[in-house]
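Right, one structure below, let's go through it.
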Amino acid sequence: MAQLDDLPPLREVIATHDLRARKSMGQNFLLDLNLTARIARCSGVVEGAHVLEVGPGPGGLTRALLAEGAAKVLAIEKDARCLPALAEITAAYPGRLEVIEGDALDVDVAAHLRAPWRVVANLPYNVGTELLVRWLTPPSWPPPWESLTLMFQKEVAQRIVAAPGSKAYGRLAVLAQWRSDAQIVMTLPPEAFAPPPKVHSAVVHLSALPAPRFPADAKMLERVVAKGFNQRRKMLRAALKGLAPDIEDRLREAGLSPTDRAEVVPLEGWCALARVLG
Ligand code: SAM
């Protein structure tokens, strides 16, 4: 590929700063700058964009985002060992990279970025789903982000884009697809990472819709869906029993069959039920 920047190759960065990957930090680094450039391009980051990156590590994806023209990248990294490597990137792109040492679950991003920002991350698997659920359930909609481009374990990625009737279909699919377009844009084998994880990975791109696909109260929808899928092998009338004394009538009112199971209920059906119960 054409050289991304004048910074050293990632293997050299890792050796210079002695960044031996730590399992406890969910560290599986991408070392191929062609791959990080592809992820950055899939993310839709263009000249002038504001971007949040969680877990930059040695900075392969960070460099690709800056090379794509991001005006500002806010990178939140928990492992202090990565900071000297990231400081070299800050120096190469003056005024465009802000690094915060800390836990992404604790940082108030709004104070550092201009909305709407894009989120791009090769996520630590241990916090990936929690961060996704937080991004999908902000206090109001549209959210402060316009897209999320996130690396997940392939099975988790499949749960986000799953259609009704499939085993992977559940709470994550409903939450994600209710208010965004979600697609798998890349799959990566374990060998793409150092060290290679045990599982395949996939990049999911979610773009926020201006408004939900179907009306529903967000809190009620979350409640109904969580309860429905908590006992996914039960019929809806049993799985949702505690939600209303006359749950069978409510299900029918929402156009659902009380003897169906959660995994066949389409998004529209969950929203109708949330409205009936709201
Ligand atoms: N982005 C780099 C890459 O693609 O090579 C590293 C990805 S690695 C899978 C995950 C990164 O997230 C590591 O650098 C790890 O230290 C960092 N990390 C783990 N938990 C974190 C947390 N709670 N908040 C912020 N960063 C975290």
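How things are named: the first chain in the structure tokens is A, the next is B, and so on; residues count from 1 in each chain; ligands count from 1 in the order shown.
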
> Hey, what's within 10 Å of Ala104 in chain A if we count only C-alpha atoms and toss same-chain stuff fewer than 5 positions away? As a list of chain:residue names, please?
Replying inline: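 My list of contacting residues is A:Glu53, A:Val54, A:Gly55, A:Ala75, A:Ile76, A:Glu77, A:Lys78, A:Val109, A:Val127, A:Leu131.
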
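Omitting Cys82 in chain A and its sequence neighbours fewer than 5 positions away, and counting only C-alpha atoms, the residues within 9 Å are Ile14, His17, Leu19, Pro56, Gly57, Pro58, Gly59, Glu77 and Ala87 of chain A.
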
>> DSSP on the backbone, alpha helix (DSSP H) only: what residues of range 7-241 of chain A does that give? Format it as a PyMOL selection string.
In response: chain A and resi 10-16+33-42+60-67+83-92+125-136+154-161+171-179+218-230+236-239

> Suppose you want the space between CA of Pro138 in chain A and CA of Ala211 in chain A; what is it in Å?
Replying inline: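 Value for the CA of Pro138 in chain A-CA of Ala211 in chain A distance: 13.1 Å.
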
> From the set A:Leu66, A:Ala111, A:Thr36, A:Ser207, which residue has the shortest atom-to-atom contact distance to Trp135 in chain A, counting only C-alpha atoms?
Replying inline: A:Ser207

>> Show me, as JSON, numbers by chain, the residues that have an atom within 8 Å of Leu209 in chain A when counting only C-alpha atoms, minus same-chain residues fewer than 6 positions from it.
In response: {"A": [142, 179, 180, 181]}

Same residues, N, CA, C and O atoms, output as a PDB file, in the first residue's frame:
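So the final result, stored in result_11.pdb, reads:
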ATOM      1  N   PRO A 142     -32.379  11.824  17.954  1.00  0.00           N
ATOM      2  CA  PRO A 142     -31.130  11.185  17.547  1.00  0.00           C
ATOM      3  C   PRO A 142     -30.017  11.328  18.576  1.00  0.00           C
ATOM      4  O   PRO A 142     -29.996  12.291  19.354  1.00  0.00           O
ATOM      5  N   ARG A 179     -33.370   1.708  15.769  1.00  0.00           N
ATOM      6  CA  ARG A 179     -33.054   3.107  15.473  1.00  0.00           C
ATOM      7  C   ARG A 179     -31.792   3.281  14.641  1.00  0.00           C
ATOM      8  O   ARG A 179     -31.250   4.372  14.561  1.00  0.00           O
ATOM      9  N   SER A 180     -31.278   2.169  14.064  1.00  0.00           N
ATOM     10  CA  SER A 180     -30.119   2.336  13.182  1.00  0.00           C
ATOM     11  C   SER A 180     -30.131   1.278  12.087  1.00  0.00           C
ATOM     12  O   SER A 180     -30.822   0.263  12.190  1.00  0.00           O
ATOM     13  N   ASP A 181     -29.363   1.536  11.035  1.00  0.00           N
ATOM     14  CA  ASP A 181     -29.104   0.539  10.003  1.00  0.00           C
ATOM     15  C   ASP A 181     -27.845  -0.176  10.431  1.00  0.00           C
ATOM     16  O   ASP A 181     -26.826   0.488  10.673  1.00  0.00           O
TER      17      ASP A 181
END

>> Set the distance at 9 Å and use only C-alpha atoms: which residues neighbour Val161 in chain A once local chain neighbours fewer than 2 positions away are removed? I'd like the list as a PyMOL selection string.
In response: chain A and resi 157-159+163+168-169+172-174+176-177+181-184+204

What would the file look like if the residues just selected were written as a compact mmCIF listing (two decimals), in the first residue's frame with all heavy atoms?
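And here is the file that came out, part.txt:
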# COMPACT_ATOMS: atom_id res chain seq x y z
N ALA A 157 -21.31 -9.91 16.45
CA ALA A 157 -21.67 -9.12 15.26
C ALA A 157 -22.93 -9.70 14.62
O ALA A 157 -23.85 -8.97 14.22
CB ALA A 157 -20.50 -9.12 14.28
N GLN A 158 -23.00 -11.04 14.57
CA GLN A 158 -24.18 -11.68 13.96
C GLN A 158 -25.43 -11.44 14.77
O GLN A 158 -26.53 -11.32 14.22
CB GLN A 158 -23.91 -13.19 13.80
CG GLN A 158 -22.95 -13.46 12.65
CD GLN A 158 -22.39 -14.87 12.64
OE1 GLN A 158 -22.33 -15.53 13.69
NE2 GLN A 158 -21.98 -15.33 11.48
N ARG A 159 -25.27 -11.31 16.09
CA ARG A 159 -26.44 -11.02 16.93
C ARG A 159 -26.96 -9.60 16.68
O ARG A 159 -28.15 -9.33 16.82
CB ARG A 159 -26.10 -11.20 18.41
CG ARG A 159 -26.11 -12.67 18.82
CD ARG A 159 -25.41 -12.95 20.13
NE ARG A 159 -25.79 -12.04 21.18
CZ ARG A 159 -25.04 -11.76 22.26
NH1 ARG A 159 -23.86 -12.31 22.41
NH2 ARG A 159 -25.47 -10.94 23.18
N ALA A 163 -31.81 -11.41 11.82
CA ALA A 163 -33.22 -11.24 11.44
C ALA A 163 -34.08 -12.17 12.30
O ALA A 163 -33.60 -13.19 12.79
CB ALA A 163 -33.38 -11.60 9.97
N ALA A 168 -29.60 -16.23 16.32
CA ALA A 168 -28.84 -15.07 16.80
C ALA A 168 -29.75 -13.88 17.15
O ALA A 168 -29.32 -12.93 17.78
CB ALA A 168 -27.83 -14.64 15.73
N TYR A 169 -31.01 -13.95 16.72
CA TYR A 169 -31.94 -12.83 16.91
C TYR A 169 -32.30 -12.69 18.39
O TYR A 169 -32.69 -13.68 19.03
CB TYR A 169 -33.19 -13.07 16.08
CG TYR A 169 -34.23 -11.99 16.12
CD1 TYR A 169 -33.98 -10.71 15.63
CD2 TYR A 169 -35.51 -12.25 16.63
CE1 TYR A 169 -34.96 -9.72 15.66
CE2 TYR A 169 -36.50 -11.27 16.64
CZ TYR A 169 -36.21 -10.01 16.16
OH TYR A 169 -37.17 -9.03 16.18
N LEU A 172 -30.11 -7.65 21.36
CA LEU A 172 -29.16 -6.76 20.67
C LEU A 172 -29.67 -6.38 19.28
O LEU A 172 -29.55 -5.23 18.86
CB LEU A 172 -27.79 -7.44 20.51
CG LEU A 172 -26.74 -7.22 21.57
CD1 LEU A 172 -25.40 -7.77 21.11
CD2 LEU A 172 -26.60 -5.75 21.96
N ALA A 173 -30.23 -7.35 18.56
CA ALA A 173 -30.75 -7.07 17.21
C ALA A 173 -31.88 -6.04 17.28
O ALA A 173 -31.92 -5.08 16.49
CB ALA A 173 -31.26 -8.35 16.56
N VAL A 174 -32.80 -6.22 18.23
CA VAL A 174 -33.94 -5.30 18.33
C VAL A 174 -33.46 -3.90 18.69
O VAL A 174 -33.82 -2.91 18.05
CB VAL A 174 -35.00 -5.82 19.34
CG1 VAL A 174 -36.10 -4.80 19.53
CG2 VAL A 174 -35.58 -7.15 18.87
N ALA A 176 -30.52 -2.56 18.29
CA ALA A 176 -29.70 -1.96 17.24
C ALA A 176 -30.54 -1.56 16.03
O ALA A 176 -30.38 -0.46 15.49
CB ALA A 176 -28.61 -2.94 16.81
N GLN A 177 -31.45 -2.45 15.63
CA GLN A 177 -32.15 -2.21 14.37
C GLN A 177 -33.36 -1.28 14.51
O GLN A 177 -33.85 -0.76 13.53
CB GLN A 177 -32.56 -3.55 13.75
CG GLN A 177 -31.35 -4.40 13.40
CD GLN A 177 -31.72 -5.81 13.01
OE1 GLN A 177 -32.77 -6.05 12.41
NE2 GLN A 177 -30.87 -6.77 13.32
N ASP A 181 -29.36 1.54 11.04
CA ASP A 181 -29.10 0.54 10.00
C ASP A 181 -27.84 -0.18 10.43
O ASP A 181 -26.83 0.49 10.67
CB ASP A 181 -28.84 1.22 8.66
CG ASP A 181 -30.11 1.48 7.89
OD1 ASP A 181 -31.02 0.64 7.96
OD2 ASP A 181 -30.18 2.53 7.22
N ALA A 182 -27.89 -1.50 10.51
CA ALA A 182 -26.71 -2.23 10.99
C ALA A 182 -26.29 -3.28 9.97
O ALA A 182 -27.12 -4.05 9.48
CB ALA A 182 -27.05 -2.92 12.31
N GLN A 183 -25.01 -3.27 9.63
CA GLN A 183 -24.50 -4.24 8.65
C GLN A 183 -23.12 -4.73 9.04
O GLN A 183 -22.33 -3.94 9.57
CB GLN A 183 -24.26 -3.54 7.31
CG GLN A 183 -25.45 -3.20 6.51
CD GLN A 183 -25.01 -2.46 5.25
OE1 GLN A 183 -24.05 -2.85 4.62
NE2 GLN A 183 -25.70 -1.39 4.93
N ILE A 184 -22.82 -5.99 8.72
CA ILE A 184 -21.44 -6.47 8.86
C ILE A 184 -20.70 -6.04 7.60
O ILE A 184 -21.12 -6.35 6.49
CB ILE A 184 -21.40 -8.00 9.03
CG1 ILE A 184 -22.03 -8.37 10.38
CG2 ILE A 184 -19.97 -8.52 8.93
CD1 ILE A 184 -22.04 -9.85 10.72
N VAL A 204 -18.87 -4.31 12.45
CA VAL A 204 -20.27 -3.92 12.21
C VAL A 204 -20.32 -2.41 12.05
O VAL A 204 -19.67 -1.68 12.81
CB VAL A 204 -21.17 -4.30 13.40
CG1 VAL A 204 -22.63 -4.00 13.09
CG2 VAL A 204 -21.01 -5.75 13.76
